[in-house]
>>> print(open('work_11.pdb').read())   # PDB, C-alpha atoms
ATOM      1  CA  THR V 576       0.000   0.000   0.000
ATOM      2  CA  TYR V 577       2.732   2.460   0.948
ATOM      3  CA  LEU V 578       4.738   1.638  -2.160
ATOM      4  CA  CYS V 579       1.677   2.189  -4.322
ATOM      5  CA  LEU V 580       1.112   5.609  -2.724
ATOM      6  CA  GLN V 581       4.793   6.484  -3.101
ATOM      7  CA  GLN V 582       4.777   5.572  -6.783
ATOM      8  CA  GLU V 583       1.699   7.696  -7.286
ATOM      9  CA  ALA V 584       3.405  10.611  -5.516
ATOM     10  CA  LEU V 585       6.488  10.226  -7.721
ATOM     11  CA  GLY V 586       4.216  10.411 -10.755
ATOM     12  CA  LYS V 587       2.633  13.623  -9.503
ATOM     13  CA  MET V 588       6.042  15.155  -8.778
ATOM     14  CA  ALA V 589       7.322  14.179 -12.210
ATOM     15  CA  ALA V 590       4.270  15.788 -13.817
ATOM     16  CA  ILE V 591       4.825  19.028 -11.880
ATOM     17  CA  ILE V 592       8.414  19.330 -13.087
ATOM     18  CA  GLY V 593       7.450  18.490 -16.647
ATOM     19  CA  GLU V 594       8.805  14.934 -16.806
ATOM     20  CA  THR V 595       5.793  13.575 -18.661
ATOM     21  CA  ALA V 596       7.250  10.157 -19.516
ATOM     22  CA  ASP V 597       8.304   9.590 -15.896
ATOM     23  CA  ALA V 598       4.924  10.784 -14.652
ATOM     24  CA  GLU V 599       3.192   8.241 -16.851
ATOM     25  CA  MET V 600       5.604   5.467 -15.871
ATOM     26  CA  TRP V 601       5.093   6.011 -12.127
ATOM     27  CA  ALA V 602       1.317   6.250 -12.513
ATOM     28  CA  GLU V 603       1.335   2.956 -14.439
ATOM     29  CA  ARG V 604       3.516   1.321 -11.798
ATOM     30  CA  ALA V 605       1.174   2.445  -9.022
ATOM     31  CA  GLU V 606      -1.821   0.987 -10.849
ATOM     32  CA  ALA V 607       0.024  -2.244 -11.665
ATOM     33  CA  LEU V 608       0.999  -2.657  -8.018
ATOM     34  CA  ALA V 609      -2.588  -2.131  -6.863
ATOM     35  CA  GLN V 610      -3.710  -4.826  -9.297
ATOM     36  CA  ARG V 611      -0.931  -7.143  -8.108
ATOM     37  CA  MET V 612      -2.073  -6.666  -4.500
ATOM     38  CA  ILE V 613      -5.550  -7.769  -5.540
ATOM     39  CA  ARG V 614      -4.258 -10.813  -7.420
ATOM     40  CA  SER V 615      -1.813 -12.004  -4.775
ATOM     41  CA  MET V 616      -3.162 -10.832  -1.423
ATOM     42  CA  TRP V 617      -6.962 -10.504  -1.734
ATOM     43  CA  ASP V 618      -8.983 -13.280  -0.101
ATOM     44  CA  GLU V 619     -12.448 -13.193  -1.624
ATOM     45  CA  LYS V 620     -13.920 -15.507   1.006
ATOM     46  CA  ALA V 621     -12.592 -13.487   3.980
ATOM     47  CA  GLY V 622     -13.051 -10.117   2.276
ATOM     48  CA  LEU V 623      -9.577  -9.065   3.430
ATOM     49  CA  PHE V 624      -6.033  -8.705   2.221
ATOM     50  CA  TRP V 625      -3.585 -11.006   4.017
ATOM     51  CA  ALA V 626       0.062 -10.296   4.666
ATOM     52  CA  ALA V 627       2.390 -13.113   3.714
ATOM     53  CA  LEU V 628       5.686 -14.236   5.152
ATOM     54  CA  PRO V 629       8.275 -15.033   2.489
ATOM     55  CA  ALA V 630       8.434 -18.711   3.469
ATOM     56  CA  LYS V 631       9.815 -21.266   1.067
ATOM     57  CA  PRO V 632       8.656 -23.262  -0.838
ATOM     58  CA  THR V 633       5.269 -21.542  -0.340
ATOM     59  CA  ARG V 634       4.213 -18.287   1.242
ATOM     60  CA  ALA V 635       2.679 -18.463   4.704
ATOM     61  CA  LEU V 636      -0.247 -16.124   5.276
ATOM     62  CA  VAL V 637      -0.476 -14.137   8.510
ATOM     63  CA  ARG V 638      -4.061 -14.804   9.580
ATOM     64  CA  VAL V 639      -4.399 -12.180  12.295
ATOM     65  CA  ARG V 640      -6.941  -9.465  11.480
ATOM     66  CA  THR V 641      -5.403  -6.014  11.793
ATOM     67  CA  PRO V 642      -6.055  -2.640  10.149
ATOM     68  CA  PHE V 643      -3.247  -3.500   7.745
ATOM     69  CA  ASN V 644      -5.578  -6.085   6.169
ATOM     70  CA  LEU V 645      -7.700  -3.074   5.192
ATOM     71  CA  PHE V 646      -4.907  -0.741   4.082
ATOM     72  CA  PRO V 647      -5.140  -1.351   0.315
ATOM     73  CA  LEU V 648      -8.375   0.649   0.631
ATOM     74  CA  ILE V 649      -6.333   3.793   1.286
ATOM     75  CA  THR V 650      -4.810   3.678  -2.203
ATOM     76  CA  GLY V 651      -8.165   4.753  -3.602
ATOM     77  CA  ARG V 652      -7.568   2.158  -6.342
ATOM     78  CA  MET V 653      -9.671  -0.739  -5.131
ATOM     79  CA  PRO V 654     -12.723  -1.794  -7.153
ATOM     80  CA  PRO V 655     -15.995  -0.698  -5.486
ATOM     81  CA  GLU V 656     -16.914  -4.241  -4.440
ATOM     82  CA  ILE V 657     -13.569  -4.753  -2.668
ATOM     83  CA  ALA V 658     -13.691  -1.308  -1.061
ATOM     84  CA  ALA V 659     -17.195  -2.008   0.240
ATOM     85  CA  ARG V 660     -16.102  -5.297   1.813
ATOM     86  CA  LEU V 661     -13.110  -3.637   3.493
ATOM     87  CA  VAL V 662     -15.328  -0.848   4.836
ATOM     88  CA  ALA V 663     -17.779  -3.471   6.142
ATOM     89  CA  HIS V 664     -14.950  -5.000   8.208
ATOM     90  CA  LEU V 665     -13.770  -1.572   9.357
ATOM     91  CA  THR V 666     -17.233  -0.510  10.562
ATOM     92  CA  ASP V 667     -18.134  -3.832  12.186
ATOM     93  CA  GLU V 668     -18.483  -3.139  15.923
ATOM     94  CA  LYS V 669     -17.257  -6.653  16.720
ATOM     95  CA  GLN V 670     -14.050  -6.154  14.735
ATOM     96  CA  PHE V 671     -12.643  -2.671  14.179
ATOM     97  CA  TRP V 672     -15.366  -0.197  15.141
ATOM     98  CA  PRO V 673     -15.601  -0.016  18.956
ATOM     99  CA  ARG V 674     -16.294   3.249  20.724
ATOM    100  CA  TYR V 675     -12.735   4.413  19.868
ATOM    101  CA  PRO V 676     -11.693   2.748  16.621
ATOM    102  CA  VAL V 677      -9.438   1.307  15.117
ATOM    103  CA  PRO V 678      -7.862  -1.415  17.305
ATOM    104  CA  THR V 679      -4.598  -2.835  15.996
ATOM    105  CA  VAL V 680      -6.051  -6.343  16.231
ATOM    106  CA  ALA V 681      -9.753  -7.044  15.659
ATOM    107  CA  LEU V 682     -11.765  -7.166  18.874
ATOM    108  CA  ASP V 683     -13.002 -10.686  18.120
ATOM    109  CA  ASP V 684      -9.599 -12.050  17.103
ATOM    110  CA  PRO V 685      -8.026 -14.445  19.669
ATOM    111  CA  LYS V 686      -4.830 -12.330  19.605
ATOM    112  CA  PHE V 687      -6.673  -9.147  20.744
ATOM    113  CA  ASP V 688      -5.227  -7.593  23.912
ATOM    114  CA  PRO V 689      -6.121  -3.909  24.431
ATOM    115  CA  LEU V 690      -3.269  -3.351  26.883
ATOM    116  CA  GLN V 691      -0.474  -4.884  24.797
ATOM    117  CA  MET V 692       1.312  -2.702  22.244
ATOM    118  CA  TRP V 693       0.276  -3.615  18.659
ATOM    119  CA  ARG V 694      -2.081  -6.339  19.905
ATOM    120  CA  GLY V 695      -5.213  -4.254  20.265
ATOM    121  CA  PRO V 696      -4.791  -0.612  21.295
ATOM    122  CA  THR V 697      -5.886   2.178  18.987
ATOM    123  CA  TRP V 698      -3.028   4.176  17.476
ATOM    124  CA  VAL V 699      -3.621   7.728  16.254
ATOM    125  CA  ASN V 700      -1.128   7.337  13.380
ATOM    126  CA  VAL V 701      -3.025   4.304  12.016
ATOM    127  CA  ASN V 702      -6.283   6.242  12.239
ATOM    128  CA  TYR V 703      -4.703   9.202  10.458
ATOM    129  CA  LEU V 704      -3.755   7.004   7.498
ATOM    130  CA  LEU V 705      -7.217   5.452   7.417
ATOM    131  CA  ILE V 706      -8.910   8.869   7.584
ATOM    132  CA  GLU V 707      -6.931  10.126   4.604
ATOM    133  CA  GLY V 708      -7.454   6.845   2.784
ATOM    134  CA  LEU V 709     -11.191   6.799   3.376
ATOM    135  CA  GLN V 710     -11.421  10.284   1.905
ATOM    136  CA  ARG V 711      -9.332   9.189  -1.075
ATOM    137  CA  ALA V 712     -11.560   6.137  -1.579
ATOM    138  CA  GLY V 713     -14.717   8.259  -1.521
ATOM    139  CA  TYR V 714     -15.903   7.483   2.019
ATOM    140  CA  VAL V 715     -15.873  11.088   3.184
ATOM    141  CA  ASP V 716     -18.578  10.753   5.857
ATOM    142  CA  LEU V 717     -16.918   7.690   7.346
ATOM    143  CA  ALA V 718     -13.559   9.506   7.376
ATOM    144  CA  ARG V 719     -15.225  12.387   9.205
ATOM    145  CA  GLU V 720     -16.693  10.000  11.806
ATOM    146  CA  LEU V 721     -13.352   8.272  12.366
ATOM    147  CA  ARG V 722     -11.698  11.678  12.793
ATOM    148  CA  ARG V 723     -14.386  12.733  15.291
ATOM    149  CA  ARG V 724     -13.964   9.557  17.364
ATOM    150  CA  THR V 725     -10.179   9.766  17.254
ATOM    151  CA  LEU V 726     -10.171  13.351  18.510
ATOM    152  CA  ALA V 727     -12.739  12.515  21.215
ATOM    153  CA  MET V 728     -10.478   9.679  22.372
ATOM    154  CA  MET V 729      -7.429  11.928  22.525
ATOM    155  CA  MET V 730      -9.274  14.702  24.351
ATOM    156  CA  ARG V 731     -10.227  12.365  27.224
ATOM    157  CA  GLU V 732      -6.680  12.540  28.590
ATOM    158  CA  ASP V 733      -4.577  15.473  29.801
ATOM    159  CA  ASP V 734      -1.701  14.428  27.544
ATOM    160  CA  ILE V 735      -1.290  12.805  24.140
ATOM    161  CA  TYR V 736      -0.348   9.119  24.187
ATOM    162  CA  GLU V 737       1.062   6.791  21.580
ATOM    163  CA  TYR V 738      -1.935   4.474  21.885
ATOM    164  CA  TYR V 739      -5.270   4.146  23.682
ATOM    165  CA  HIS V 740      -7.679   1.471  24.861
ATOM    166  CA  PRO V 741     -10.182   1.070  21.992
ATOM    167  CA  GLN V 742     -13.186   0.540  24.249
ATOM    168  CA  THR V 743     -12.556   3.031  27.056
ATOM    169  CA  GLY V 744     -10.320   5.623  25.387
ATOM    170  CA  GLU V 745      -7.936   5.511  28.342
ATOM    171  CA  ALA V 746      -4.180   5.383  27.936
ATOM    172  CA  PRO V 747      -2.988   1.874  28.875
ATOM    173  CA  PRO V 748      -0.372   1.723  31.670
ATOM    174  CA  LYS V 749       2.557   1.146  29.295
ATOM    175  CA  ALA V 750       1.560   3.803  26.744
ATOM    176  CA  ALA V 751       4.124   6.569  26.527
ATOM    177  CA  SER V 752       2.974  10.163  26.456
ATOM    178  CA  ILE V 753       4.235  12.335  23.667
TER     179      ILE V 753
END
>>> encode(input="work_11.pdb", output="structure tokens")
Amino acid sequence: TYLCLQQEALGKMAAIIGETADAEMWAERAEALAQRMIRSMWDEKAGLFWAALPAKPTRALVRVRTPFNLFPLITGRMPPEIAARLVAHLTDEKQFWPRYPVPTVALDDPKFDPLQMWRGPTWVNVNYLLIEGLQRAGYVDLARELRRRTLAMMMREDDIYEYYHPQTGEAPPKAASI
């Protein structure tokens, strides 16, 4: 997802400085990468993208549901039917849409732990990327709601923390303040 966005940005920069051929090349690469993500990472049955470990002789999928399974949405290049399925996971209150979304592991995943770093707390930086991506993908109202909930979560505390409990909005004991 990040590489796709970076290639797109390179294309825009090349266009601004008049490098038309480079602009076209980077735009084509971004689109080709988005299509490759769909072909190699999209799981139609689950309605998610899975990360894969580079195991040999075959790739091993990482079957833990995290916001990163949804991140191809933020390219703005997913077909409407894929985008809709990703948004359905994102807005499911049993998965990624508690009072203070978006937990780093789905609420109903066995690995979820709201007090353990990267195992369940809500991170503002992840939400920021999803907010921008939702806008890019045409889900402006949903982006606005995620922004509202993220700010409400942050305003509960006297300081800004690196992560928060997704159900209470409190800073977990090990969360560092910024």
>>> resolve_selection(input="work_11.pdb", expression="the PyMOL selection byres ((chain V and resi 707) around 10)", output="VMD selection string")
chain V and resid 649 to 651 702 to 706 708 to 712 714 to 715 718 to 719 722
>>> atom_distance(input="work_11.pdb", atom1="CA of Leu682 in chain V", atom2="CA of Thr743 in chain V")
13.1 Å
>>> resolve_selection(input="work_11.pdb", expression="the PyMOL selection byres ((chain V and resi 577) around 12)", output="MDAnalysis selection string")
chainID V and resid 576 578:584 605 608:609 612 643 646:650 704 708
>>> residues_around(input="work_11.pdb", residues="Pro673 in chain V", least_positions_apart="4", cutoff="8 Å", atoms="all atoms listed in the file", output="mmCIF file with C-alpha atoms, in the frame of the given file")
data_model
loop_
_atom_site.group_PDB
_atom_site.id
_atom_site.type_symbol
_atom_site.label_atom_id
_atom_site.label_comp_id
_atom_site.auth_asym_id
_atom_site.auth_seq_id
_atom_site.Cartn_x
_atom_site.Cartn_y
_atom_site.Cartn_z
ATOM 1 C CA GLU V 668 -18.483 -3.139 15.923
ATOM 2 C CA LYS V 669 -17.257 -6.653 16.720
ATOM 3 C CA VAL V 677 -9.438 1.307 15.117
ATOM 4 C CA PRO V 741 -10.182 1.070 21.992
ATOM 5 C CA GLN V 742 -13.186 0.540 24.249
#
>>> atom_distance(input="work_11.pdb", atom1="CA of Glu745 in chain V", atom2="CA of Thr679 in chain V")
15.3 Å
>>> residues_near_point(input="work_11.pdb", point="(-10.8, 12.3, 29.4)", cutoff="10 Å", atoms="all atoms listed in the file", output="list in words")
Ala727, Met728, Met729, Met730, Arg731, Glu732, Asp733, Asp734, Thr743, Gly744, Glu745 and Ala746 of chain V
>>> atom_distance(input="work_11.pdb", atom1="CA of Ala681 in chain V", atom2="CA of Gly695 in chain V")
7.0 Å
>>> resolve_selection(input="work_11.pdb", expression="the PyMOL selection byres ((chain V and resi 736) around 6)", output="list in words")
Ile735, Glu737, Tyr738, Ala751, Ser752 and Ile753 of chain V
>>> residues_around(input="work_11.pdb", residues="Val662 in chain V", least_positions_apart="4", cutoff="8 Å", atoms="all atoms listed in the file", output="count of residues only")
3
>>> closest_residue(input="work_11.pdb", among="V:Pro629, V:Gly713, V:Pro747, V:Pro655", to="Pro696 in chain V", atoms="all atoms listed in the file")
V:Pro747
>>> residues_around(input="work_11.pdb", residues="Asn644 in chain V", least_positions_apart="4", cutoff="7 Å", atoms="only C-alpha atoms", output="PyMOL selection string")
chain V and resi 623-625+640
>>> closest_residue(input="work_11.pdb", among="V:Thr697, V:Asp683, V:Leu585, V:Trp672", to="Glu720 in chain V", atoms="all atoms listed in the file")
V:Trp672
